[in-house]
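See structure below.
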Amino acid sequence: MTEATLALAQAGDGEAFRELVDPHRRELQAHCYRILGSVQDAEDVLQEALLAAWRSIERFDGRSLRAWLYRIATNRCLNYLRGESRRPQPAGQPEHGPRRPGREWSAEPWWLEPYPGDPDDLVPGPEARYDARESIALSFVAGLQHLPPQQRAVLVLRDVLGFPASEAAGILGTTPAAVNSALIRARAAIPPDQRPNEVPLPRSTAEAAVVDRFVSAFQRFDLDELVSLLTEDARLTMPPEPDEHIGPWPIARFLQSHVGLELRFLPARANGQPALMLYLPDPHAPIWRANGLIVLTLRGDRIQALTRFTGPGLLARFGHPRTLPED
């Protein structure tokens, strides 16, 4: 940020303002996503935050643009969560949310969405306790949704982004003591197994081998091979559906209803993890139609979780075609 660019932005130059904020846009979007768990909600809130920043750029004191933008975005996220109860519940879904007493960590929130791509351009600060890949992992983002909003924001600001307690307090409009207290409670609430363990490196040979085995087994309808790929505590979930299948054999019984179907997969990346766009044949035309995204959470050379997503906007975000030709 140069003083000249800031002066132009504060004088009403929209291009100068974009020059100031564009380098922070991607990390701010990921920040909103972590707190909200939904890419669509994150995009909407980020647009509101940037509009608010544009309207108040004249009052920016010039000290730390990044912290100033994070303060606006974080508070917009918290405002959104305060009004979350007014968000329409999907038809047929039980009432549940991140603050429901007694809620299990294993149950994923219905609004959870996959984040496209890898976190290559997300760089944590020196005080961060999570690296970029851990901080965007699907299980971590799902786990965050079970924390009260203030604790969620504090954990992300301190342990994901690495802001010092004093800066986090300034962003949240509170005191360092309150930040430290909320952080202790948030850390205590996150089970150890929410941290990635023995995960193959992204795009590595080891990761590709597991994915290839999964695709091959599914396309060959080899149920035994599919079961052998799953860890003992493997989970299959399909947000926003409330159904959850835990363990190799319950998952196998569910998969059995799909074994025998013709399937095609295109590779994808979501939350820094391997993913597959699923295509099914159209019974009325010589094409294959997209039928959802499967995100694979790996542990060593096996699969710990399969999370299937569908819904509007999925194909556009991941850049995949709606249909494939028959050949």
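Residue numbering restarts at 1 for every chain of the structure tokens, chains are lettered A, B, ... in their displayed order, and ligands are numbered from 1 as they appear.
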Which residues are close to Ala168 in chain A, i.e. within 8 Å by only C-alpha atoms, leaving aside same-chain residues fewer than 3 positions away? Reply as a count of residues only. 10
Report the residues of range 141-323 of chain A whose backbone DSSP state falls under strand (DSSP E), written as a ChimeraX atom specification. /A:230-237,244-246,264-270,273-281,287-299,302-309,323
Of the listed residues A:Gly37, A:Glu225, A:Cys32, A:Pro109, that which approaches Ile72 in chain A most closely, counting only C-alpha atoms: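 Looking at the shortest contact to Ile72 in chain A, the residue is A:Cys32.
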Provide the CA of Glu134 in chain A to CA of Ala305 in chain A distance in Å, to one decimal place. 15.4 Å
Would you mind reading off the distance between CA of Arg129 in chain A and CA of Val160 in chain A, one decimal, in Å?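 Here the two named atoms are 6.3 Å from each other.
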Which residue gives the smallest distance to Phe318 in chain A among A:Glu58, A:Glu15, A:Glu27, A:Glu113, with only C-alpha atoms counted?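 Among A:Glu58, A:Glu15, A:Glu27, A:Glu113, it is A:Glu113 that comes nearest to Phe318 in chain A.
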Please identify the helix (DSSP H, G or I) residues within range 140-268 of chain A (assignment by DSSP from backbone atoms) and present them as a ChimeraX atom specification. /A:140-144,149-160,165-172,176-189,192-194,205-219,223-228,248-256
Shortest interatomic distance to Arg18 in chain A - which of A:Ala42, A:Leu51, A:Ile35, A:Leu315, counting only C-alpha atoms: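 Distance minimum relative to Arg18 in chain A lands on A:Leu51.
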Show me, as a ChimeraX atom specification, the residues that have an atom within 10 Å of Asn271 in chain A when counting only C-alpha atoms, minus same-chain residues fewer than 4 positions from it. /A:113-119,133-141,275,295-297
Selection to disk with C-alpha atoms, as a PDB file, in the first residue's frame:
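So part-v8.pdb came out as:
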ATOM      1  CA  GLU A 113     -20.107 -26.232   1.425  1.00  0.00           C
ATOM      2  CA  PRO A 114     -16.780 -27.244  -0.156  1.00  0.00           C
ATOM      3  CA  TYR A 115     -14.141 -24.590  -0.782  1.00  0.00           C
ATOM      4  CA  PRO A 116     -12.680 -24.788  -4.315  1.00  0.00           C
ATOM      5  CA  GLY A 117      -9.002 -25.504  -4.785  1.00  0.00           C
ATOM      6  CA  ASP A 118      -5.901 -25.644  -2.622  1.00  0.00           C
ATOM      7  CA  PRO A 119      -4.792 -23.099   0.000  1.00  0.00           C
ATOM      8  CA  ARG A 133      -3.788 -26.881   4.643  1.00  0.00           C
ATOM      9  CA  GLU A 134      -5.059 -27.675   8.137  1.00  0.00           C
ATOM     10  CA  SER A 135      -6.918 -24.392   8.409  1.00  0.00           C
ATOM     11  CA  ILE A 136      -9.087 -24.988   5.320  1.00  0.00           C
ATOM     12  CA  ALA A 137      -9.615 -28.759   5.742  1.00  0.00           C
ATOM     13  CA  LEU A 138     -13.260 -29.748   5.541  1.00  0.00           C
ATOM     14  CA  SER A 139     -13.324 -31.391   8.986  1.00  0.00           C
ATOM     15  CA  PHE A 140     -11.757 -28.311  10.602  1.00  0.00           C
ATOM     16  CA  VAL A 141     -14.221 -25.902   9.001  1.00  0.00           C
ATOM     17  CA  ALA A 275     -12.308 -34.476  -4.780  1.00  0.00           C
ATOM     18  CA  VAL A 295     -14.650 -34.780  -1.214  1.00  0.00           C
ATOM     19  CA  LEU A 296     -12.266 -37.404   0.147  1.00  0.00           C
ATOM     20  CA  THR A 297     -10.584 -37.012   3.522  1.00  0.00           C
TER      21      THR A 297
END
